[in-house]
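Undergrad: Take this structure first; my questions come after.
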There are 4 protein chains.
Amino acid sequence: MHVGFVGLGTMGREMARQLLSAGHRVTVWNRSPEAVRILVGDGAEAAGSLSAALAAEAVVSMLADDAAVESLLLDDDLLAAATTTVHVNMATVSPELARRAAAQHAEHGIGYVAAPVMGRSDVAAAGNLAILAAGETPVLDSVQPLFDAMGRRTFRLGERPEAANIAKIGANFMLVSAIEALSEATALAEANGLAAGDLLEVLTGTVFPGPVYAGYGAMIAERRYEPAGFRLALGLKDIGLALDAGAGARVPMPVAGVLREALLEALAHGEGERDLAALGETARRRAALPRPDRAG
Amino acid sequence: MHVGFVGLGTMGREMARQLLSAGHRVTVWNRSPEAVRILVGDGAEAAGSLSAALAAEAVVSMLADDAAVESLLLDDDLLAAATTTVHVNMATVSPELARRAAAQHAEHGIGYVAAPVMGRSDVAAAGNLAILAAGETPVLDSVQPLFDAMGRRTFRLGERPEAANIAKIGANFMLVSAIEALSEATALAEANGLAAGDLLEVLTGTVFPGPVYAGYGAMIAERRYEPAGFRLALGLKDIGLALDAGAGARVPMPVAGVLREALLEALAHGEGERDLAALGETARRRAALPRPDRAG
Amino acid sequence: MHVGFVGLGTMGREMARQLLSAGHRVTVWNRSPEAVRILVGDGAEAAGSLSAALAAEAVVSMLADDAAVESLLLDDDLLAAATTTVHVNMATVSPELARRAAAQHAEHGIGYVAAPVMGRSDVAAAGNLAILAAGETPVLDSVQPLFDAMGRRTFRLGERPEAANIAKIGANFMLVSAIEALSEATALAEANGLAAGDLLEVLTGTVFPGPVYAGYGAMIAERRYEPAGFRLALGLKDIGLALDAGAGARVPMPVAGVLREALLEALAHGEGERDLAALGETARRRAALPRPDRAG
Amino acid sequence: MHVGFVGLGTMGREMARQLLSAGHRVTVWNRSPEAVRILVGDGAEAAGSLSAALAAEAVVSMLADDAAVESLLLDDDLLAAATTTVHVNMATVSPELARRAAAQHAEHGIGYVAAPVMGRSDVAAAGNLAILAAGETPVLDSVQPLFDAMGRRTFRLGERPEAANIAKIGANFMLVSAIEALSEATALAEANGLAAGDLLEVLTGTVFPGPVYAGYGAMIAERRYEPAGFRLALGLKDIGLALDAGAGARVPMPVAGVLREALLEALAHGEGERDLAALGETARRRAALPRPDRAG
């Protein structure tokens with residue numbers, strides 16, 4: 001298939017590469033030209049303009065946030081001129097943007113699919129992303145080969161695109177809340193003389209198997225927050241999406257509120273570029289750990 | 001080994017049975033005589049008094065809470081008369097009680113082991129509990145055969161008994177926080193037109209594998225909270241232990257605070273005897289779900 | 001002075017009237033013409049266009065929110081054509097908007113003053129508003145006669161306009177937090193058999209004198225939330241401004257987070273058009289009050 | 001009247017003095033003898049034993065907390081021997097203790113009045129306390145002369161003693177919540193370049209008149225937390241009473257939960273002996289204030 005690919009950040013470039021590897025023709029566009037040059041070296045074609053990328057059979061975008069999508073792609077002139085049949089937005093954006101985008105694309109006769117992904121850039125590089133996709137069934141069917149190239153599994157979440165964004169936002173909210181709970185439990189352990197590693201062994205050996213608790217738990221236990229697999233500042237963005245989605249639908253989310261304040265506190269202390277696991281430091285700082293003489 | 005077993009509730013009776021199955025001699029004591037009769041039918045001996053149970057080589061207790069342990073077992077006259085060498089307290093109690101109990105037992109020359117367990121009564125009945133044990137190493141070694149009879153795995157958590165209680169409290173805190181996060185995410189999904197089952201499939205198929213998320217998630221998605229595997233009222237007790245342990249060691253636990261209010265709200269609405277998963281109803285009630293016309 | 005007045009809502013029309021009463025010449029503009037007609041009846045002139053209003057010596061605006069200010073007044077063409085020397089923005093908007101607006105006005109050689117007010121429309125009608133003003137001193141001096149006409153007291157809060165917005169946001173945050181605390185305390189009282197009116201008498205007779213606690217307290221005690229002096233939905237907007245201002249400056253505000261969830265819950269239950277005091281109902285609903293048989 | 005007075009702490013000794021000044025005969029008892037000697041110098045009689053103090057016509061107690069009341073006064077032998085007709089408990093204790101104490105006193109034919117007070121020791125020394133009293137009307141009437149000697153105003157809160165404790169707990173909860181809100185608003189102001197003093201002037205000059213906001217606000221603005229008028233550690237005790245009373249009656253109190261974590265954080269940082277206003281430091285610490293270069 002001929003695919004226009006917009007947005008070659010750390011995630012986007014790996015995903016575009018997977019499309020190339022699977023034999024698709026990929027025309028790439030990116031705000032800064034450097035990433036374009038690299039992808040061209042990998043076999044992609046450079047779009048002369050954003051408009052040119054939207055002339056492909058399908059367009060995949062992987063942009064930073066709502067504002068980037070809005071300013072670059074939700075332009076009536078651009079969409080009116082576009083000859084593509086479908087736009088697959090794989091970024092983590094708000095359900096509200098998805099609703100507006102779907103309506104605006106429909107006006108121009110273009111299908112709109114929301115397909116945010118789970119997995120970091122190394123997972124993307126291995127073609128192992130989990131893809132959360134929603135949109136009209138025939139449209140989803142038409143881009144399934146692209147999903148098959150980029151991911152190991154596609155979850156189909158119905159015909160309304162925003163449902164996919166909600167799923168992604170919900171999953172990230174749950175991830176951050178698990179890390180905050182780990183942080184609080186670890187501070188409790190440390191202040192009471194239980195080694196963080198021992199607590200972690202109990203947790204992962206009983207109720208919480210799997211790599212997430214083991215991975216983040218180890219980072220918290222070892223107080224090792226670099227390199228950042230998932231930047232803390234990005235976690236704040238995602239919790240903001242959850243709170244906004246909750247407000248839009250009038251759903252109180254008190255745990256999300258607590259996460260927001262903890263993430264903000266971490267940012268205030270200069271930890272935004274560390275891994276999300278640095279929430280462990282906020283819990284420790286609040287408890288004034290480590291202490292010269294152990295409390296208990 | 002000759003074991004005195006104190007406390008034959010739903011958990012205790014299954015644990016005592018496992019000891020019998022493994023060939024230990026078990027002398028049981030319980031406040032109400034009915035459970036004693038049943039265990040005697042299984043091969044146990046009935047203790048004529050609490051004191052008689054404390055004449056066994058080792059004593060295992062599985063009582064409801066701090067108050068029960070305190071009023072029944074932390075009695076200086078009783079302990080002075082006891083000829084047992086070790087008391088293994090397997091209940092979920094506070095680290096503060098463990099500290100006091102250990103000191104008091106030491107005064108009477110009796111070893112004290114904290115060994116709370118993870119798993120419900122069906123898990124206990126299968127001898128598959130996870131046992132979180134802490135105490136002096138030789139003392140732990142001496143009761144390891146009992147642990148082997150009751151559990152599938154023993155986690156050794158150091159020489160200070162209260163460390164085991166902290167591990168148990170931390171694990172339960174994390175469990176309740178996972179359920180609350182699931183509840184909030186599910187309400188967010190429902191209010192935005194994403195089926196709870198679809199969200200759950202994404203979560204368990206990506207970041208949160210294992211039976212806990214799948215099990216509680218299904219109960220929340222299906223709004224099925226009976227029979228209660230883990231009673232909500234018991235969850236409030238456990239969060240109270242976490243908050244108190246935090247206060248004792250001066251460790252703020254904001255997520256635990258949020259859980260407390262949500263559990264209290266559930267109790268106020270008569271849901272204390274339902275499963276912990278009924279936290280899902282609190283999240284839905286707050287969001288006024290279901291709604292005649294879907295918000296979004 | 002010749003004043004252009006933009007925004008004739010319930011507050012704006014009363015403020016414009018005070019300017020007329022004080023002898024100023026007032027040229028009014030409003031999105032819907034009805035309010036314009038009324039003010040013309042009071043002696044104002046109708047601006048043929050927004051641009052015409054910006055030809056007056058000073059411009060006062062009283063618009064609904066950031067979005068309204070942004071779309072109507074932060075237009076470079078409009079500002080380039082404007083001959084006014086100063087724009088006094090009296091709405092409750094974000095500090096971030098104030099910063100951008102001040103910079104943009106400066107580019108066009110126009111002074112910018114932030115001067116949000118405290119007081120409802122009846123207070124505005126009596127010329128008794130409290131005005132929180134910030135901006136360059138000579139500019140503030142130049143519009144002080146306008147403040148004197150509209151308010152009983154002007155607080156000068158320095159040269160940086162956004163400081164005035166922060167003061168207003170901080171005051172409203174504190175007001176909502178007082179109402180939520182009253183709501184929780186009242187639910188606690190009711191559930192324990194203490195009459196809400198008795199609690200209120202204690203509070204206002206000891207630590208919390210003044211009309212705010214007495215007024216909101218009486219509404220909560222009597223469960224009387226209409227007519228709305230301060231609409232609950234507006235309270236959510238203001239708490240949103242506080243949380244956003246906190247996030248912008250990386251200041252965690254956990255109480256504001258709790259207020260947000262309580263207000264959202266009230267909105268989900270259809271209470272957005274009631275008075276802020278309806279937070280009392282959220283506290284009662286959470287506690288399942290009233291109860292057939294009193295708990296305690 | 002002949003009054004037995006139990007508990008001569010900073011508050012109790014001033015209250016006993018007021019009784020002496022009003023011409024009452026006062027027999028005092030205190031755990032440590034020093035305070036007794038001082039009061040005897042003021043005209044009181046020393047009770048040879050606690051029992052002797054309970055032989056007076058009325059007994060007033062002003063002890064530290066539930067535990068002190070329970071261990072000293074809720075003793076069946078002591079109460080059986082007592083010839084007093086009424087016990088007026090003026091300490092800040094739990095409603096649950098009040099319920100039990102009232103029942104136990106009734107068994108021994110002794111009236112029980114709960115009458116916690118508002119005001120610090122300097123207010124007590126001037127006889128200006130506010131007294132929150134509840135109990136059976138004739139019993140209250142009988143001790144009104146004592147209240148008149150110790151306070152400037154008595155609030156009668158019905159026949160059930162615990163109602164008075166709830167009123168006191170509710171008032172203190174509201175006080176701490178006002179201080180926390182002030183702390184958060186002040187941090188927001190500081191991080192945005194608004195002077196704390198300016199914010200305070202706005203607040204006290206508009207919605208929040210009276211000495212409480214002015215007094216605590218000034219301490220926060222000036223970061224002056226000594227001497228402690230109201231110790232922060234005592235604030236945590238009072239919030240604990242509020243949360244426990246809420247739990248007992250199944251009333252969620254999310255703001256109280258937030259206060260608890262903030263107070264614990266302050267304690268972890270060694271601020272327990274400072275004034276409650278030191279909550280301002282927790283808000284600042286979380287926001288990493290002051291900052292070398294101002295955020296915004």
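Letters A, B, ... mark the chains of the structure tokens in the order given; residue numbers begin at 1 per chain; ligand numbers begin at 1, in order shown.
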What are the nearest atom pairs, with distances in Å to one decimal, for all residues of chain A that come at most 10 Å from chain D, using only C-alpha atoms, set out by chain and rising residue number as a tab-separated table?
TA:
```
residue	atom	partner	partner_atom	distance
A:Pro254	CA	D:Pro254	CA	9.5
A:Val258	CA	D:Val258	CA	9.7
A:Glu261	CA	D:Arg286	CA	9.1
A:Ala262	CA	D:Arg286	CA	8.8
A:Leu264	CA	D:Ala287	CA	8.0
A:Glu265	CA	D:Arg286	CA	5.4
A:Ala266	CA	D:Arg286	CA	8.4
A:Leu267	CA	D:Ala287	CA	8.8
A:Ala268	CA	D:Ala287	CA	5.5
A:His269	CA	D:Ala288	CA	5.9
A:Gly270	CA	D:Ala288	CA	9.1
A:Thr282	CA	D:Arg286	CA	8.8
A:Ala283	CA	D:Glu265	CA	10.0
A:Arg285	CA	D:Glu265	CA	8.9
A:Arg286	CA	D:Glu265	CA	5.4
A:Ala287	CA	D:Ala268	CA	5.5
A:Ala288	CA	D:Ala268	CA	5.7
A:Leu289	CA	D:Ala268	CA	8.6
A:Arg291	CA	D:Ala268	CA	9.3
A:Ala295	CA	D:Ala268	CA	9.1
```
Undergrad: Excluding Met253 of chain C and residues on its chain fewer than 3 positions from it, collect all residues at most 9 Å away from it, counting only C-alpha atoms, and give them as a VMD selection string.
TA: (chain A and resid 261) or (chain C and resid 242 to 243 246 to 247 256 to 257) or (chain D and resid 181 184 to 185 187 to 188 283)
Undergrad: Could those selected residues go to a file with N, CA and C atoms, as a short mmCIF file (atom, residue, chain, number, x, y, z; two decimals), in the first residue's frame?
TA:
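out34.cif, written as the output of this step:
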```cif
data_model
loop_
_atom_site.label_atom_id
_atom_site.label_comp_id
_atom_site.auth_asym_id
_atom_site.auth_seq_id
_atom_site.Cartn_x
_atom_site.Cartn_y
_atom_site.Cartn_z
N GLU A 261 -0.93 15.63 41.28
CA GLU A 261 -0.17 16.43 42.24
C GLU A 261 1.22 15.83 42.48
N ALA C 242 -7.35 27.52 38.88
CA ALA C 242 -6.37 27.35 39.97
C ALA C 242 -5.44 26.18 39.66
N LEU C 243 -6.01 25.06 39.24
CA LEU C 243 -5.19 23.89 38.96
C LEU C 243 -4.26 24.16 37.77
N GLY C 246 -1.57 26.40 38.88
CA GLY C 246 -0.64 25.59 39.68
C GLY C 246 0.26 24.76 38.78
N ALA C 247 -0.34 24.13 37.78
CA ALA C 247 0.45 23.30 36.87
C ALA C 247 1.46 24.16 36.11
N ALA C 256 -7.22 21.62 45.98
CA ALA C 256 -7.90 21.99 44.74
C ALA C 256 -8.29 20.73 43.95
N GLY C 257 -7.43 19.72 43.99
CA GLY C 257 -7.75 18.47 43.30
C GLY C 257 -9.00 17.82 43.88
N ALA D 181 -5.60 25.48 52.87
CA ALA D 181 -5.99 26.22 51.67
C ALA D 181 -5.16 27.50 51.55
N GLU D 184 -1.71 26.50 50.27
CA GLU D 184 -1.65 26.22 48.84
C GLU D 184 -1.78 27.50 48.02
N ALA D 185 -2.70 28.36 48.43
CA ALA D 185 -2.89 29.61 47.70
C ALA D 185 -1.64 30.48 47.78
N ALA D 187 1.49 29.42 48.16
CA ALA D 187 2.52 28.85 47.29
C ALA D 187 2.24 29.21 45.83
N LEU D 188 0.97 29.14 45.46
CA LEU D 188 0.58 29.51 44.09
C LEU D 188 0.96 30.97 43.82
N ALA D 283 3.50 23.04 51.74
CA ALA D 283 3.08 23.48 50.40
C ALA D 283 4.27 24.03 49.61
#
```
Undergrad: When you look at Leu63 of chain B with a cut-off of 10 Å (counting only C-alpha atoms), what residues show up, excluding the ones that are within fewer than 2 positions of it in the same chain? I need them as an MDAnalysis selection string.
TA: chainID B and resid 6:9 11:12 30 60:61 65:70 72:73 89:93
Undergrad: Store the residues picked out above in a file with all heavy atoms, as a compact mmCIF listing (two decimals), in the first residue's frame.
TA:
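Produced file selection.txt, reproduced below:
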```
# COMPACT_ATOMS: atom_id res chain seq x y z
N VAL B 6 -4.69 -21.70 67.26
CA VAL B 6 -5.67 -20.82 67.88
C VAL B 6 -6.37 -19.99 66.81
O VAL B 6 -5.71 -19.21 66.10
CB VAL B 6 -4.98 -19.88 68.90
CG1 VAL B 6 -5.99 -18.90 69.50
CG2 VAL B 6 -4.29 -20.70 69.99
N GLY B 7 -7.65 -20.14 66.66
CA GLY B 7 -8.41 -19.33 65.69
C GLY B 7 -8.81 -20.13 64.48
O GLY B 7 -8.03 -20.28 63.54
N LEU B 8 -10.07 -20.65 64.50
CA LEU B 8 -10.51 -21.54 63.42
C LEU B 8 -11.58 -20.88 62.57
O LEU B 8 -12.67 -21.44 62.36
CB LEU B 8 -11.01 -22.86 64.02
CG LEU B 8 -9.97 -23.66 64.83
CD1 LEU B 8 -10.64 -24.83 65.54
CD2 LEU B 8 -8.86 -24.16 63.92
N GLY B 9 -11.30 -19.68 62.10
CA GLY B 9 -12.21 -19.02 61.17
C GLY B 9 -12.12 -19.69 59.80
O GLY B 9 -11.53 -20.77 59.67
N MET B 11 -10.26 -19.11 57.32
CA MET B 11 -8.88 -19.36 56.93
C MET B 11 -8.24 -20.39 57.87
O MET B 11 -7.61 -21.36 57.43
CB MET B 11 -8.06 -18.06 56.97
CG MET B 11 -8.37 -17.06 55.89
SD MET B 11 -7.99 -17.65 54.22
CE MET B 11 -6.20 -17.64 54.23
N GLY B 12 -8.36 -20.12 59.16
CA GLY B 12 -7.67 -20.95 60.15
C GLY B 12 -8.00 -22.42 60.04
O GLY B 12 -7.12 -23.28 60.13
N ASN B 30 -10.65 -22.52 69.85
CA ASN B 30 -11.41 -21.49 69.16
C ASN B 30 -12.44 -20.93 70.13
O ASN B 30 -12.92 -21.63 71.01
CB ASN B 30 -12.14 -22.10 67.94
CG ASN B 30 -12.64 -21.02 67.00
OD1 ASN B 30 -11.87 -20.17 66.57
ND2 ASN B 30 -13.93 -21.05 66.68
N VAL B 60 0.41 -21.78 66.50
CA VAL B 60 0.04 -20.95 65.35
C VAL B 60 -1.27 -20.27 65.68
O VAL B 60 -2.20 -20.92 66.16
CB VAL B 60 -0.14 -21.83 64.09
CG1 VAL B 60 -0.70 -21.00 62.94
CG2 VAL B 60 1.19 -22.47 63.69
N SER B 61 -1.33 -18.95 65.43
CA SER B 61 -2.62 -18.28 65.64
C SER B 61 -3.06 -17.59 64.36
O SER B 61 -2.25 -17.11 63.58
CB SER B 61 -2.53 -17.27 66.79
OG SER B 61 -1.73 -16.17 66.45
N ASP B 65 -8.03 -9.79 64.22
CA ASP B 65 -7.38 -8.48 64.14
C ASP B 65 -6.54 -8.22 65.39
O ASP B 65 -6.42 -9.09 66.26
CB ASP B 65 -8.42 -7.38 63.94
CG ASP B 65 -9.54 -7.45 64.99
OD1 ASP B 65 -9.31 -8.03 66.07
OD2 ASP B 65 -10.64 -6.95 64.71
N ASP B 66 -5.96 -7.03 65.44
CA ASP B 66 -5.12 -6.65 66.58
C ASP B 66 -5.84 -6.87 67.90
O ASP B 66 -5.25 -7.42 68.86
CB ASP B 66 -4.75 -5.16 66.49
CG ASP B 66 -3.59 -4.89 65.54
OD1 ASP B 66 -3.47 -5.62 64.53
OD2 ASP B 66 -2.82 -3.95 65.81
N ALA B 67 -7.08 -6.44 67.96
CA ALA B 67 -7.81 -6.51 69.24
C ALA B 67 -7.94 -7.95 69.71
O ALA B 67 -7.78 -8.24 70.91
CB ALA B 67 -9.18 -5.86 69.09
N ALA B 68 -8.23 -8.86 68.79
CA ALA B 68 -8.40 -10.27 69.16
C ALA B 68 -7.08 -10.85 69.66
O ALA B 68 -7.03 -11.56 70.67
CB ALA B 68 -8.92 -11.07 67.98
N VAL B 69 -5.99 -10.55 68.97
CA VAL B 69 -4.69 -11.04 69.40
C VAL B 69 -4.35 -10.48 70.78
O VAL B 69 -3.93 -11.20 71.69
CB VAL B 69 -3.58 -10.62 68.40
CG1 VAL B 69 -2.21 -11.04 68.91
CG2 VAL B 69 -3.86 -11.23 67.02
N GLU B 70 -4.58 -9.18 70.91
CA GLU B 70 -4.25 -8.51 72.17
C GLU B 70 -5.02 -9.09 73.34
O GLU B 70 -4.43 -9.44 74.39
CB GLU B 70 -4.59 -7.01 72.02
CG GLU B 70 -4.20 -6.19 73.19
CD GLU B 70 -3.17 -5.14 72.80
OE1 GLU B 70 -3.19 -4.67 71.66
OE2 GLU B 70 -2.32 -4.82 73.65
N LEU B 72 -6.66 -11.96 73.60
CA LEU B 72 -6.52 -13.40 73.85
C LEU B 72 -5.10 -13.81 74.22
O LEU B 72 -4.89 -14.60 75.14
CB LEU B 72 -6.96 -14.20 72.62
CG LEU B 72 -8.47 -14.34 72.40
CD1 LEU B 72 -8.74 -15.08 71.10
CD2 LEU B 72 -9.11 -15.11 73.58
N LEU B 73 -4.13 -13.30 73.50
CA LEU B 73 -2.79 -13.89 73.60
C LEU B 73 -1.73 -13.03 74.28
O LEU B 73 -0.72 -13.55 74.74
CB LEU B 73 -2.30 -14.32 72.21
CG LEU B 73 -3.12 -15.45 71.57
CD1 LEU B 73 -2.69 -15.68 70.13
CD2 LEU B 73 -2.94 -16.75 72.37
N ASN B 89 2.31 -15.93 64.50
CA ASN B 89 1.08 -15.16 64.29
C ASN B 89 0.88 -14.94 62.81
O ASN B 89 1.61 -14.18 62.17
CB ASN B 89 1.19 -13.83 65.05
CG ASN B 89 -0.08 -13.02 64.94
OD1 ASN B 89 -0.97 -13.32 64.13
ND2 ASN B 89 -0.19 -11.98 65.77
N MET B 90 -0.11 -15.61 62.22
CA MET B 90 -0.31 -15.57 60.77
C MET B 90 -1.41 -14.61 60.33
O MET B 90 -1.75 -14.53 59.15
CB MET B 90 -0.56 -16.99 60.26
CG MET B 90 0.61 -17.91 60.64
SD MET B 90 0.55 -19.57 59.91
CE MET B 90 1.07 -19.25 58.22
N ALA B 91 -1.96 -13.86 61.27
CA ALA B 91 -3.02 -12.92 60.94
C ALA B 91 -2.44 -11.63 60.33
O ALA B 91 -1.26 -11.34 60.47
CB ALA B 91 -3.81 -12.58 62.19
N THR B 92 -3.31 -10.88 59.69
CA THR B 92 -2.94 -9.57 59.17
C THR B 92 -3.14 -8.56 60.29
O THR B 92 -4.26 -8.13 60.55
CB THR B 92 -3.80 -9.21 57.95
OG1 THR B 92 -3.55 -10.18 56.93
CG2 THR B 92 -3.46 -7.83 57.41
N VAL B 93 -2.06 -8.23 60.96
CA VAL B 93 -2.14 -7.28 62.07
C VAL B 93 -1.14 -6.14 61.84
O VAL B 93 -0.40 -6.13 60.86
CB VAL B 93 -1.86 -7.96 63.43
CG1 VAL B 93 -2.96 -8.98 63.76
CG2 VAL B 93 -0.49 -8.61 63.42
```
Undergrad: Neighbours of Pro227 of chain D within 12 Å (only C-alpha atoms; same-chain residues fewer than 6 positions away dropped), as a list in words?
TA: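 So, after excluding close chain neighbours, the residues are Met219, Glu273, Arg274, Asp275, Leu276, Ala277 and Ala278 of chain D.
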Undergrad: Which neighbours of Asp75 of chain D fall inside 12 Å, counting only C-alpha atoms, when residues of the same chain fewer than 3 positions from it are skipped, and could you give them as a list of chain:residue names?
TA: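 Final neighbour list, sorted by chain and number: D:Leu50, D:Ser51, D:Ala68, D:Val69, D:Glu70, D:Ser71, D:Leu72, D:Leu78, D:Leu79, D:Ala80, D:Ala81, D:Ala82, D:Arg100, D:Ala101, D:Gln104, D:His105, D:Glu107, D:His108.
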Undergrad: I want to know what sits within 7 Å of Leu241 of chain B, based on only C-alpha atoms, with residues of the same chain fewer than 4 positions away left out; could you give that as number ranges by chain?
TA: B: 94, 169, 237, 245
Undergrad: Quick one: DSSP strand (DSSP E) residues in segment 149-291 of chain A, as number ranges by chain?
TA: A: 151-156
Undergrad: Restricting the output to C-alpha atoms, write the selected residues as a compact mmCIF listing (two decimals), in the first residue's frame.
TA:
```txt
# COMPACT_ATOMS: atom_id res chain seq x y z
CA GLY A 151 2.27 -4.40 15.83
CA ARG A 152 2.02 -7.86 17.22
CA ARG A 153 -1.62 -7.49 18.17
CA THR A 154 -4.50 -5.20 17.27
CA PHE A 155 -7.37 -4.64 19.65
CA ARG A 156 -10.52 -3.61 17.80
```
